[in-house]
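Structure file structure-v1.cif (mmCIF, C-alpha atoms and all ligand atoms) is printed below.
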data_final
#
loop_
_atom_site.label_atom_id
_atom_site.label_comp_id
_atom_site.auth_asym_id
_atom_site.auth_seq_id
_atom_site.Cartn_x
_atom_site.Cartn_y
_atom_site.Cartn_z
CA MET R 1 92.76 101.95 97.41
CA GLU R 2 89.26 100.79 98.38
CA PRO R 3 89.09 97.15 99.50
CA ASN R 4 87.47 94.76 97.04
CA PHE R 5 84.17 94.53 98.88
CA ALA R 6 82.59 92.28 96.23
CA ALA R 7 85.37 89.71 96.71
CA LEU R 8 85.20 90.05 100.50
CA ARG R 9 81.47 89.41 100.35
CA ARG R 10 82.17 85.98 98.88
CA GLU R 11 84.14 85.10 102.02
CA PHE R 12 80.85 84.96 103.96
CA PRO R 13 78.92 81.96 102.56
CA VAL R 14 75.64 82.83 104.31
CA LEU R 15 75.38 85.91 102.07
CA GLY R 16 74.86 83.62 99.07
CA ARG R 17 71.68 82.33 100.71
CA LYS R 18 70.39 85.16 102.88
CA THR R 19 70.08 88.91 103.03
CA TYR R 20 72.00 89.10 106.28
CA LEU R 21 71.21 92.26 108.27
CA ASN R 22 71.79 91.01 111.78
CA SER R 23 75.35 92.10 112.60
CA GLY R 24 74.05 94.13 115.56
CA SER R 25 73.13 90.78 117.16
CA TYR R 26 75.88 88.71 115.66
CA CYS R 27 78.01 88.81 112.57
CA ALA R 28 77.97 86.61 109.49
CA LEU R 29 80.60 83.88 109.66
CA ALA R 30 83.68 84.34 107.46
CA ASN R 31 85.44 81.33 105.94
CA GLU R 32 88.66 82.23 107.74
CA VAL R 33 86.93 82.43 111.13
CA LYS R 34 85.40 78.99 110.52
CA ALA R 35 88.87 77.72 109.54
CA ALA R 36 90.34 79.15 112.76
CA VAL R 37 87.82 77.25 114.89
CA GLU R 38 88.65 74.08 112.97
CA GLN R 39 92.32 74.81 113.57
CA TYR R 40 91.67 74.81 117.32
CA LEU R 41 90.33 71.27 117.07
CA GLU R 42 93.17 70.26 114.76
CA ASP R 43 95.76 71.62 117.20
CA ARG R 44 94.24 69.59 120.03
CA LEU R 45 94.24 66.43 117.93
CA ARG R 46 97.76 67.05 116.66
CA VAL R 47 99.67 68.19 119.74
CA GLY R 48 97.40 67.11 122.59
CA ALA R 49 98.27 69.87 125.01
CA ASP R 50 100.06 73.13 124.25
CA TRP R 51 99.51 75.56 127.09
CA ASP R 52 101.96 78.11 125.64
CA LEU R 53 99.98 78.20 122.40
CA TRP R 54 96.77 78.80 124.35
CA VAL R 55 98.31 81.69 126.29
CA ALA R 56 99.76 83.07 123.03
CA LYS R 57 96.29 83.07 121.44
CA ASN R 58 94.91 85.14 124.31
CA GLU R 59 97.86 87.54 124.00
CA SER R 60 97.35 87.79 120.25
CA VAL R 61 93.70 88.80 120.75
CA ARG R 62 94.85 91.37 123.31
CA SER R 63 97.39 92.93 120.88
CA LEU R 64 94.98 92.95 117.94
CA THR R 65 92.23 94.54 120.06
CA ALA R 66 94.68 97.16 121.31
CA ALA R 67 95.75 97.95 117.74
CA LEU R 68 92.13 98.33 116.65
CA ILE R 69 91.12 100.81 119.36
CA GLY R 70 94.37 102.74 119.60
CA ALA R 71 95.39 101.39 123.03
CA ALA R 72 98.47 99.60 124.37
CA PRO R 73 98.15 95.83 124.98
CA GLU R 74 98.80 96.50 128.71
CA GLU R 75 95.57 98.51 128.79
CA ILE R 76 93.44 95.62 127.52
CA SER R 77 91.80 92.90 129.55
CA ILE R 78 90.36 89.96 127.59
CA THR R 79 87.03 89.07 129.17
CA ALA R 80 84.27 86.50 128.73
CA SER R 81 81.70 89.21 127.90
CA VAL R 82 81.02 92.91 128.20
CA SER R 83 79.12 92.08 131.39
CA ALA R 84 82.20 90.34 132.85
CA GLY R 85 84.34 93.40 132.10
CA PHE R 86 81.80 95.77 133.66
CA ASN R 87 81.51 93.59 136.77
CA SER R 88 85.24 93.38 137.18
CA LEU R 89 85.60 97.14 136.86
CA ALA R 90 82.67 97.76 139.24
CA SER R 91 84.34 95.51 141.83
CA ALA R 92 87.35 97.87 141.81
CA LEU R 93 85.30 101.03 142.44
CA ASP R 94 84.47 102.45 145.85
CA PHE R 95 81.05 104.00 146.38
CA SER R 96 81.28 104.55 150.13
CA GLY R 97 82.23 108.25 149.90
CA PRO R 98 80.41 111.32 148.55
CA ARG R 99 81.51 110.59 144.96
CA ASN R 100 79.07 107.72 144.64
CA LYS R 101 76.99 108.79 141.65
CA ILE R 102 76.92 106.87 138.37
CA VAL R 103 75.37 108.61 135.39
CA ILE R 104 73.98 106.41 132.62
CA SER R 105 71.68 107.09 129.68
CA ASP R 106 68.35 105.66 128.66
CA PHE R 107 70.13 104.23 125.59
CA GLU R 108 72.07 101.64 127.63
CA PHE R 109 71.93 97.95 126.90
CA PRO R 110 70.17 96.24 129.86
CA THR R 111 73.32 94.62 131.24
CA ALA R 112 75.04 98.01 131.31
CA ALA R 113 72.28 99.48 133.46
CA GLN R 114 71.63 96.41 135.60
CA ILE R 115 75.25 96.08 136.68
CA TRP R 116 75.36 99.72 137.85
CA HIS R 117 72.04 99.35 139.68
CA ALA R 118 73.52 96.24 141.32
CA GLN R 119 76.11 98.56 142.90
CA GLU R 120 73.37 100.39 144.81
CA ARG R 121 73.75 97.96 147.68
CA ARG R 122 77.42 99.07 147.80
CA GLY R 123 76.40 102.73 148.12
CA ALA R 124 76.14 103.78 144.46
CA ARG R 125 73.43 106.15 143.21
CA VAL R 126 72.42 105.66 139.59
CA VAL R 127 70.96 108.54 137.59
CA HIS R 128 69.47 108.09 134.10
CA VAL R 129 69.71 110.76 131.41
CA PRO R 130 66.51 110.48 129.36
CA ARG R 131 66.11 110.86 125.61
CA ALA R 132 64.62 114.12 124.31
CA ALA R 133 61.34 114.45 122.42
CA ASP R 134 63.21 113.93 119.12
CA GLY R 135 64.36 110.52 120.40
CA TYR R 136 68.03 111.56 120.71
CA ILE R 137 70.28 112.29 123.72
CA ALA R 138 72.56 115.25 123.01
CA ALA R 139 75.78 115.63 125.03
CA SER R 140 74.32 118.76 126.63
CA ALA R 141 71.56 116.61 128.18
CA PHE R 142 74.22 115.10 130.48
CA ALA R 143 75.22 118.49 131.91
CA ALA R 144 72.56 118.59 134.61
CA ALA R 145 73.30 115.03 135.79
CA ILE R 146 77.12 115.17 135.97
CA ASP R 147 78.31 116.95 139.10
CA GLU R 148 81.07 116.88 141.76
CA ASN R 149 79.54 113.70 143.24
CA THR R 150 79.75 111.82 139.96
CA GLN R 151 82.33 109.04 139.95
CA LEU R 152 81.46 107.48 136.62
CA VAL R 153 79.57 108.30 133.45
CA ALA R 154 78.80 104.95 131.83
CA ILE R 155 77.42 105.42 128.34
CA THR R 156 76.86 103.52 125.17
CA HIS R 157 78.44 104.72 121.93
CA VAL R 158 75.60 103.47 119.73
CA CYS R 159 72.16 102.59 121.06
CA PHE R 160 71.22 98.95 120.43
CA ARG R 161 67.54 99.89 120.11
CA ASN R 162 67.59 102.56 117.41
CA GLY R 163 71.19 102.90 116.16
CA ALA R 164 71.61 106.45 117.55
CA LYS R 165 75.29 107.40 117.98
CA LEU R 166 76.15 109.63 120.93
CA ASP R 167 78.60 112.54 121.00
CA ILE R 168 81.16 110.87 123.27
CA ALA R 169 83.76 113.63 123.11
CA GLY R 170 81.10 116.10 124.29
CA VAL R 171 80.17 113.90 127.27
CA VAL R 172 83.86 113.33 128.12
CA GLU R 173 84.37 117.10 128.27
CA LEU R 174 81.50 117.50 130.75
CA ALA R 175 82.78 114.59 132.86
CA ARG R 176 86.36 115.91 132.92
CA ALA R 177 85.15 119.30 134.13
CA LYS R 178 83.64 117.63 137.22
CA GLY R 179 86.43 115.09 137.79
CA ALA R 180 84.31 112.09 136.74
CA LYS R 181 85.54 109.08 134.74
CA VAL R 182 83.89 107.83 131.55
CA LEU R 183 83.18 104.22 130.62
CA LEU R 184 82.22 103.65 127.00
CA ASP R 185 80.15 100.64 125.98
CA CYS R 186 81.30 100.36 122.38
CA TYR R 187 79.86 96.94 121.58
CA GLN R 188 77.53 98.41 118.93
CA SER R 189 80.27 100.52 117.33
CA VAL R 190 83.63 98.77 117.57
CA GLY R 191 84.43 97.14 114.24
CA SER R 192 81.79 99.15 112.39
CA ALA R 193 83.30 102.57 113.09
CA ASN R 194 86.60 103.98 114.22
CA VAL R 195 86.72 103.71 118.00
CA ASP R 196 89.95 105.39 119.10
CA VAL R 197 89.89 105.42 122.88
CA LYS R 198 92.67 108.02 123.13
CA ALA R 199 91.05 110.40 120.65
CA LEU R 200 87.69 110.01 122.41
CA GLY R 201 89.39 110.54 125.79
CA VAL R 202 87.46 107.83 127.63
CA ASP R 203 88.90 106.16 130.73
CA PHE R 204 87.37 102.74 130.18
CA ALA R 205 85.76 100.97 127.23
CA ALA R 206 84.20 97.57 126.76
CA GLY R 207 83.10 95.58 123.73
CA GLY R 208 82.88 92.04 122.44
CA MET R 209 83.89 89.95 119.45
CA LEU R 210 80.50 88.58 118.42
CA LYS R 211 79.13 91.49 116.42
CA TYR R 212 81.22 93.79 114.19
CA LEU R 213 84.55 92.19 115.18
CA LEU R 214 83.61 89.11 113.11
CA GLY R 215 84.40 86.60 115.89
CA THR R 216 82.20 84.66 118.24
CA ALA R 217 80.30 84.74 121.52
CA GLY R 218 82.00 84.28 124.88
CA ILE R 219 84.85 86.73 124.41
CA GLY R 220 85.15 90.48 124.89
CA PHE R 221 87.49 93.15 126.15
CA LEU R 222 87.79 95.87 128.75
CA TYR R 223 90.08 98.84 128.10
CA VAL R 224 91.44 100.63 131.17
CA ARG R 225 93.49 103.80 130.66
CA ASP R 226 97.09 103.16 131.62
CA ALA R 227 97.30 105.82 134.35
CA LEU R 228 94.30 104.31 136.18
CA VAL R 229 95.26 100.63 136.18
CA SER R 230 97.46 100.60 139.27
CA SER R 231 94.94 102.46 141.44
CA LEU R 232 92.13 100.00 140.67
CA VAL R 233 92.23 96.66 142.45
CA PRO R 234 89.30 94.46 141.41
CA ALA R 235 87.66 92.36 144.12
CA ASN R 236 86.86 90.00 141.23
CA SER R 237 90.05 88.11 140.59
CA GLY R 238 91.60 84.78 139.71
CA TRP R 239 94.85 83.17 138.68
CA PHE R 240 94.89 84.80 135.23
CA ALA R 241 94.59 88.19 136.93
CA GLN R 242 97.81 87.72 138.91
CA GLU R 243 101.13 89.38 138.09
CA THR R 244 102.63 85.89 137.59
CA ILE R 245 100.01 83.54 136.20
CA GLY R 246 101.97 80.42 137.06
CA SER R 247 102.97 81.51 140.57
CA MET R 248 100.42 79.17 142.15
CA ASP R 249 100.65 81.30 145.29
CA ILE R 250 97.70 80.63 147.61
CA THR R 251 98.75 83.09 150.29
CA ALA R 252 97.86 86.39 148.61
CA ASN R 253 96.20 88.23 145.72
CA ARG R 254 98.94 89.90 143.63
CA PRO R 255 97.15 91.58 140.72
CA ALA R 256 98.96 92.02 137.41
CA ARG R 257 100.46 95.46 136.85
CA SER R 258 98.59 95.64 133.54
CA ALA R 259 94.86 95.59 132.79
CA ARG R 260 95.12 91.80 132.87
CA ARG R 261 94.23 92.30 136.56
CA PHE R 262 90.59 92.52 135.37
CA GLU R 263 90.66 88.95 134.03
CA ALA R 264 89.87 85.82 136.04
CA GLY R 265 90.40 82.20 134.98
CA THR R 266 91.46 80.12 131.99
CA PRO R 267 90.72 82.02 128.78
CA ALA R 268 88.03 80.73 126.42
CA VAL R 269 90.69 79.45 124.03
CA VAL R 270 88.47 78.31 121.17
CA ASN R 271 86.90 81.77 121.20
CA CYS R 272 90.37 83.30 121.05
CA TYR R 273 91.05 81.42 117.80
CA ALA R 274 87.83 82.82 116.27
CA ALA R 275 88.38 86.32 117.65
CA GLU R 276 91.96 86.42 116.38
CA ALA R 277 90.87 85.49 112.86
CA GLY R 278 88.03 88.04 112.88
CA LEU R 279 90.23 90.86 114.17
CA LYS R 280 92.95 90.09 111.62
CA MET R 281 90.43 90.20 108.80
CA LEU R 282 88.96 93.49 109.99
CA LEU R 283 92.37 95.12 110.41
CA ARG R 284 93.34 93.92 106.93
CA VAL R 285 90.23 95.47 105.37
CA GLY R 286 90.81 98.68 107.39
CA ILE R 287 88.40 100.38 109.75
CA GLU R 288 88.16 103.65 107.76
CA PRO R 289 86.84 101.99 104.56
CA VAL R 290 84.56 99.80 106.69
CA GLU R 291 83.07 102.84 108.41
CA ALA R 292 82.65 104.66 105.10
CA ARG R 293 80.95 101.67 103.49
CA ILE R 294 78.53 101.20 106.39
CA GLY R 295 77.77 104.93 106.27
CA GLU R 296 76.84 104.66 102.58
CA LEU R 297 74.63 101.63 103.17
CA THR R 298 72.73 103.09 106.12
CA ALA R 299 72.28 106.44 104.30
CA ASN R 300 70.89 104.59 101.30
CA CYS R 301 68.58 102.55 103.54
CA MET R 302 67.28 105.71 105.25
CA ARG R 303 66.62 107.27 101.82
CA ARG R 304 64.82 104.17 100.49
CA LEU R 305 62.68 104.00 103.64
CA ARG R 306 61.56 107.59 103.05
CA GLU R 307 60.66 106.63 99.49
CA ILE R 308 58.41 103.81 100.66
CA ASP R 309 56.98 106.12 103.32
CA TRP R 310 58.15 104.10 106.30
CA ALA R 311 59.97 106.57 108.52
CA SER R 312 62.83 105.16 110.57
CA VAL R 313 63.36 105.86 114.29
CA THR R 314 67.10 106.11 113.61
CA PRO R 315 68.59 109.64 113.47
CA THR R 316 68.64 111.12 109.96
CA ASP R 317 71.86 113.07 110.65
CA ASP R 318 74.71 110.85 109.36
CA ARG R 319 76.95 111.82 112.32
CA ARG R 320 74.34 110.58 114.80
CA ARG R 321 73.91 107.13 113.26
CA GLY R 322 75.73 103.83 113.83
CA ALA R 323 75.43 100.67 111.71
CA THR R 324 71.78 99.99 112.59
CA VAL R 325 68.64 101.33 110.96
CA ALA R 326 65.48 100.66 112.97
CA VAL R 327 61.93 100.78 111.65
CA PRO R 328 58.85 101.05 113.87
CA THR R 329 56.03 98.57 113.40
CA GLY R 330 52.88 97.35 115.14
CA ASP R 331 54.24 93.80 115.49
CA ALA R 332 58.02 93.61 115.43
CA ALA R 333 58.35 89.89 116.21
CA ARG R 334 55.98 88.90 113.40
CA LEU R 335 57.62 91.25 110.94
CA VAL R 336 61.01 89.66 111.72
CA HIS R 337 59.40 86.29 110.92
CA GLU R 338 57.83 87.55 107.70
CA LEU R 339 61.24 88.87 106.62
CA LYS R 340 62.87 85.60 107.63
CA ASP R 341 60.41 83.74 105.39
CA ARG R 342 61.81 85.92 102.59
CA ASP R 343 65.39 84.98 103.60
CA ILE R 344 66.03 88.37 105.16
CA VAL R 345 67.69 88.07 108.57
CA THR R 346 66.90 90.94 110.96
CA SER R 347 66.09 91.27 114.66
CA CYS R 348 63.76 93.33 116.80
CA ARG R 349 63.99 95.44 119.94
CA ASP R 350 61.02 97.24 121.47
CA ASP R 351 58.57 97.88 118.63
CA ASN R 352 61.29 98.23 116.02
CA VAL R 353 62.83 95.90 113.48
CA ARG R 354 66.58 96.42 113.21
CA ALA R 355 68.64 96.12 110.04
CA ALA R 356 72.32 96.22 110.98
CA PHE R 357 74.90 96.62 108.22
CA HIS R 358 78.53 95.54 107.92
CA PHE R 359 81.12 95.90 105.17
CA TYR R 360 80.01 92.58 103.68
CA ASN R 361 76.58 94.00 102.87
CA ASP R 362 75.88 95.85 99.64
CA HIS R 363 73.14 97.94 98.10
CA SER R 364 71.28 94.82 96.90
CA ASP R 365 70.70 94.02 100.59
CA VAL R 366 69.22 97.49 101.16
CA GLU R 367 67.03 96.92 98.13
CA ALA R 368 65.84 93.47 99.26
CA PHE R 369 65.00 94.78 102.75
CA CYS R 370 63.11 97.85 101.53
CA ALA R 371 61.29 95.97 98.75
CA ALA R 372 60.07 93.42 101.31
CA LEU R 373 58.95 96.20 103.66
CA ARG R 374 57.10 97.91 100.84
CA ASP R 375 55.19 94.64 100.19
CA LEU R 376 54.46 94.21 103.89
CA ARG R 377 53.56 97.82 104.57
CA ASP R 378 49.78 97.39 104.68
CA ALA R 379 50.00 94.66 107.34
CA PHE R 380 52.99 95.87 109.34
CA GLY R 381 53.53 99.56 108.56
CA PRO R 382 54.34 102.00 111.37
CA PRO R 383 51.48 102.66 113.80
CA PRO R 384 50.05 106.12 112.94
CA GLU R 385 51.07 107.67 116.28
CA ARG R 386 54.73 106.79 115.63
CA CYS R 387 54.95 108.25 112.11
C1 LIG H 1 75.65 97.77 123.54
C2 LIG H 1 75.72 96.42 124.17
N1 LIG H 1 76.31 96.29 125.37
C3 LIG H 1 76.38 95.10 125.99
C4 LIG H 1 75.85 93.97 125.43
C5 LIG H 1 75.92 92.67 126.19
O1 LIG H 1 77.17 92.10 126.03
P1 LIG H 1 77.55 90.73 126.77
O2 LIG H 1 76.48 89.76 126.49
O3 LIG H 1 78.88 90.38 126.15
O4 LIG H 1 77.69 91.03 128.21
C6 LIG H 1 75.25 94.04 124.16
C7 LIG H 1 74.71 92.82 123.53
O5 LIG H 1 74.02 92.84 122.56
C8 LIG H 1 75.18 95.30 123.53
O6 LIG H 1 74.59 95.44 122.34
#

Final structure tokens representation of the file:
Amino acid sequence: MEPNFAALRREFPVLGRKTYLNSGSYCALANEVKAAVEQYLEDRLRVGADWDLWVAKNESVRSLTAALIGAAPEEISITASVSAGFNSLASALDFSGPRNKIVISDFEFPTAAQIWHAQERRGARVVHVPRAADGYIAASAFAAAIDENTQLVAITHVCFRNGAKLDIAGVVELARAKGAKVLLDCYQSVGSANVDVKALGVDFAAGGMLKYLLGTAGIGFLYVRDALVSSLVPANSGWFAQETIGSMDITANRPARSARRFEAGTPAVVNCYAAEAGLKMLLRVGIEPVEARIGELTANCMRRLREIDWASVTPTDDRRRGATVAVPTGDAARLVHELKDRDIVTSCRDDNVRAAFHFYNDHSDVEAFCAALRDLRDAFGPPPERC
């Protein structure tokens, strides 16, 4: 049975006031996530200190994240951000030998490229796979870059700039053939689409709770495939990364046997409360209906944009699209402001305005966005060379 999306929509008060199309930056706040944050404060007032409860919250987020992406809890590290997870993983890799190449794409979020370039002083070589003339990066485009010297292919699932969704299984196949590992940045897809790390065959994956996972900033996750955990010893460490957190041993680093070895210090507990509530809500709604709903909304938005003659830079093929639809304009920052003045919340990257959809959006949001664009077309329409 399809979830009652109209009733769910009412659980996000901001939607009564705004056309909220900014989930690719951060999600709308659900009543139950707000209540969870209040509960954190309540618990501190009520019990004063409850360390076991704090640890349990972190473990709950770990289990819920594992359930969502088809992993075991032991394969999940709860991190402060995607960047923290990447850095921790990078600190466990060795680039001193011939297998020192890291292949990334031109669709990466800045942090995901910067962290790999930062490994150059440790011997890494970073190679970028560019987008083709049609603006997309097909899996086959990675073939020339991935070779016997490639240690890691670090790619985004969905591009934050234009919403293009990559063929991850195709890239994994190429990487496997050359003995390279694959790290998936799924921050723009997890929670909006089914991300099953086992089905995709990736070795590592990282995401965060601020966007489609309905939580908050300051908390994310790193998935490390079970068989790889024991061979990777991060140089980034801390007491929450130890096999026994309470050991208080200052004579040695004894990393946890699980992916918890990629963590560091005290978890961001208030963020765990929010993340737990968001993940529970998402799992209750179900990721398949969420993905289907977002697919309908973005397809409708693409169709309406064609009708108002404002071509999107997002792929038209449904299989190549995530939750974001991006429209080119001569002045993206001002267009975001114009839309904001009309109570439509969007964001911009490069010369594009992004409308990012979640299950709490409906077709009236598509309509409001496209009607506003139609009115603003003369002043902000796509520059002729980009049509
Ligand atoms: C695809 C992608 N990766 C990484 C990040 C950065 O994540 P964090 O700030 O948690 O390091 C973002 C943030 O928007 C993103 O969209």

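Taking CA of Ala6 (chain R) as the reference point, CA of Ala368 (chain R) is found at 17.1 Å.
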
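For the choices R:Arg342, R:Lys165, R:His157, R:Arg377, the atom-to-atom distance to ligand LIG 1 (chain H) is smallest for R:His157 when using only C-alpha atoms and all ligand atoms.
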
Could I get the residues of chain R with an atom no further than 7 Å from an atom of ligand LIG 1 (chain H), each paired with its nearest atom pair and that distance in Å to one decimal, using all atoms listed in the file, sorted by chain and residue number, as JSON lines?
{"residue": "R:Gly24", "atom": "CA", "partner": "H:LIG1", "partner_atom": "O6", "distance": 6.9}
{"residue": "R:Ser25", "atom": "CA", "partner": "H:LIG1", "partner_atom": "O5", "distance": 5.8}
{"residue": "R:Ser81", "atom": "CA", "partner": "H:LIG1", "partner_atom": "O3", "distance": 3.5}
{"residue": "R:Val82", "atom": "CA", "partner": "H:LIG1", "partner_atom": "O4", "distance": 3.8}
{"residue": "R:Ser83", "atom": "CA", "partner": "H:LIG1", "partner_atom": "O4", "distance": 3.6}
{"residue": "R:Ala84", "atom": "CA", "partner": "H:LIG1", "partner_atom": "O4", "distance": 6.5}
{"residue": "R:Glu108", "atom": "CA", "partner": "H:LIG1", "partner_atom": "C1", "distance": 6.7}
{"residue": "R:Phe109", "atom": "CA", "partner": "H:LIG1", "partner_atom": "C2", "distance": 4.9}
{"residue": "R:Thr111", "atom": "CA", "partner": "H:LIG1", "partner_atom": "C5", "distance": 6.0}
{"residue": "R:Ala112", "atom": "CA", "partner": "H:LIG1", "partner_atom": "C3", "distance": 6.2}
{"residue": "R:Thr156", "atom": "CA", "partner": "H:LIG1", "partner_atom": "C1", "distance": 6.1}
{"residue": "R:Val158", "atom": "CA", "partner": "H:LIG1", "partner_atom": "C1", "distance": 6.9}
{"residue": "R:Cys159", "atom": "CA", "partner": "H:LIG1", "partner_atom": "C1", "distance": 6.4}
{"residue": "R:Phe160", "atom": "CA", "partner": "H:LIG1", "partner_atom": "O6", "distance": 5.2}
{"residue": "R:Asp185", "atom": "CA", "partner": "H:LIG1", "partner_atom": "N1", "distance": 5.8}
{"residue": "R:Cys186", "atom": "CA", "partner": "H:LIG1", "partner_atom": "C1", "distance": 6.3}
{"residue": "R:Tyr187", "atom": "CA", "partner": "H:LIG1", "partner_atom": "C1", "distance": 4.7}
{"residue": "R:Gln188", "atom": "CA", "partner": "H:LIG1", "partner_atom": "C1", "distance": 5.0}
{"residue": "R:Gly208", "atom": "CA", "partner": "H:LIG1", "partner_atom": "O3", "distance": 5.7}
{"residue": "R:Gly218", "atom": "CA", "partner": "H:LIG1", "partner_atom": "O3", "distance": 7.0}
{"residue": "R:Gly220", "atom": "CA", "partner": "H:LIG1", "partner_atom": "O3", "distance": 6.4}

Next on the checklist: Residues within 10 Å of Ser60 (chain R), please, as a list of chain:residue names. Count all atoms listed in the file; anything in the same chain fewer than 3 positions from it doesn't count.
Outcome noted: R:Trp54, R:Val55, R:Ala56, R:Lys57, R:Ser63, R:Leu64, R:Thr65, R:Ala66, R:Pro73, R:Cys272, R:Tyr273, R:Ala275, R:Glu276, R:Leu279, R:Lys280

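Of the residues listed (R:Val345, R:Asn271, R:Arg99, R:Trp310), R:Trp310 shows the shortest atom-to-atom separation from Asp375 (chain R); distances use only C-alpha atoms.
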
Next on the checklist: Set the distance at 12 Å and use all atoms listed in the file: which residues neighbour Val171 (chain R) once local chain neighbours fewer than 5 positions away are removed? I'd like the list as a ChimeraX atom specification.
Outcome noted: /R:103-105,129,137-146,152-157,166,176-178,180-184,200-202

For the residues selected in the previous step, produce a file with C-alpha atoms as a PDB file, keeping the file's coordinate frame.
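Output saved as again16.pdb:
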ATOM      1  CA  VAL R 103      75.370 108.610 135.390  1.00  0.00           C
ATOM      2  CA  ILE R 104      73.980 106.410 132.620  1.00  0.00           C
ATOM      3  CA  SER R 105      71.680 107.090 129.680  1.00  0.00           C
ATOM      4  CA  VAL R 129      69.710 110.760 131.410  1.00  0.00           C
ATOM      5  CA  ILE R 137      70.280 112.290 123.720  1.00  0.00           C
ATOM      6  CA  ALA R 138      72.560 115.250 123.010  1.00  0.00           C
ATOM      7  CA  ALA R 139      75.780 115.630 125.030  1.00  0.00           C
ATOM      8  CA  SER R 140      74.320 118.760 126.630  1.00  0.00           C
ATOM      9  CA  ALA R 141      71.560 116.610 128.180  1.00  0.00           C
ATOM     10  CA  PHE R 142      74.220 115.100 130.480  1.00  0.00           C
ATOM     11  CA  ALA R 143      75.220 118.490 131.910  1.00  0.00           C
ATOM     12  CA  ALA R 144      72.560 118.590 134.610  1.00  0.00           C
ATOM     13  CA  ALA R 145      73.300 115.030 135.790  1.00  0.00           C
ATOM     14  CA  ILE R 146      77.120 115.170 135.970  1.00  0.00           C
ATOM     15  CA  LEU R 152      81.460 107.480 136.620  1.00  0.00           C
ATOM     16  CA  VAL R 153      79.570 108.300 133.450  1.00  0.00           C
ATOM     17  CA  ALA R 154      78.800 104.950 131.830  1.00  0.00           C
ATOM     18  CA  ILE R 155      77.420 105.420 128.340  1.00  0.00           C
ATOM     19  CA  THR R 156      76.860 103.520 125.170  1.00  0.00           C
ATOM     20  CA  HIS R 157      78.440 104.720 121.930  1.00  0.00           C
ATOM     21  CA  LEU R 166      76.150 109.630 120.930  1.00  0.00           C
ATOM     22  CA  ARG R 176      86.360 115.910 132.920  1.00  0.00           C
ATOM     23  CA  ALA R 177      85.150 119.300 134.130  1.00  0.00           C
ATOM     24  CA  LYS R 178      83.640 117.630 137.220  1.00  0.00           C
ATOM     25  CA  ALA R 180      84.310 112.090 136.740  1.00  0.00           C
ATOM     26  CA  LYS R 181      85.540 109.080 134.740  1.00  0.00           C
ATOM     27  CA  VAL R 182      83.890 107.830 131.550  1.00  0.00           C
ATOM     28  CA  LEU R 183      83.180 104.220 130.620  1.00  0.00           C
ATOM     29  CA  LEU R 184      82.220 103.650 127.000  1.00  0.00           C
ATOM     30  CA  LEU R 200      87.690 110.010 122.410  1.00  0.00           C
ATOM     31  CA  GLY R 201      89.390 110.540 125.790  1.00  0.00           C
ATOM     32  CA  VAL R 202      87.460 107.830 127.630  1.00  0.00           C
TER      33      VAL R 202
END

Who sits within 12 Å of Gly163 (chain R), all atoms listed in the file, same chain under 2 positions skipped, as a short mmCIF file (atom, residue, chain, number, x, y, z; two decimals) with C-alpha atoms, in the coordinates of the input:
data_model
loop_
_atom_site.label_atom_id
_atom_site.label_comp_id
_atom_site.auth_asym_id
_atom_site.auth_seq_id
_atom_site.Cartn_x
_atom_site.Cartn_y
_atom_site.Cartn_z
CA GLY R 24 74.05 94.13 115.56
CA PHE R 107 70.13 104.23 125.59
CA GLU R 108 72.07 101.64 127.63
CA PHE R 109 71.93 97.95 126.90
CA GLY R 135 64.36 110.52 120.40
CA TYR R 136 68.03 111.56 120.71
CA THR R 156 76.86 103.52 125.17
CA HIS R 157 78.44 104.72 121.93
CA VAL R 158 75.60 103.47 119.73
CA CYS R 159 72.16 102.59 121.06
CA PHE R 160 71.22 98.95 120.43
CA ARG R 161 67.54 99.89 120.11
CA LYS R 165 75.29 107.40 117.98
CA LEU R 166 76.15 109.63 120.93
CA TYR R 187 79.86 96.94 121.58
CA GLN R 188 77.53 98.41 118.93
CA SER R 189 80.27 100.52 117.33
CA SER R 192 81.79 99.15 112.39
CA THR R 298 72.73 103.09 106.12
CA MET R 302 67.28 105.71 105.25
CA SER R 312 62.83 105.16 110.57
CA VAL R 313 63.36 105.86 114.29
CA THR R 314 67.10 106.11 113.61
CA PRO R 315 68.59 109.64 113.47
CA THR R 316 68.64 111.12 109.96
CA ASP R 317 71.86 113.07 110.65
CA ASP R 318 74.71 110.85 109.36
CA ARG R 319 76.95 111.82 112.32
CA ARG R 320 74.34 110.58 114.80
CA ARG R 321 73.91 107.13 113.26
CA GLY R 322 75.73 103.83 113.83
CA ALA R 323 75.43 100.67 111.71
CA THR R 324 71.78 99.99 112.59
CA VAL R 325 68.64 101.33 110.96
CA ALA R 326 65.48 100.66 112.97
CA VAL R 327 61.93 100.78 111.65
CA ARG R 349 63.99 95.44 119.94
CA ASN R 352 61.29 98.23 116.02
CA VAL R 353 62.83 95.90 113.48
CA ARG R 354 66.58 96.42 113.21
CA ALA R 355 68.64 96.12 110.04
CA ALA R 356 72.32 96.22 110.98
CA PHE R 357 74.90 96.62 108.22
#
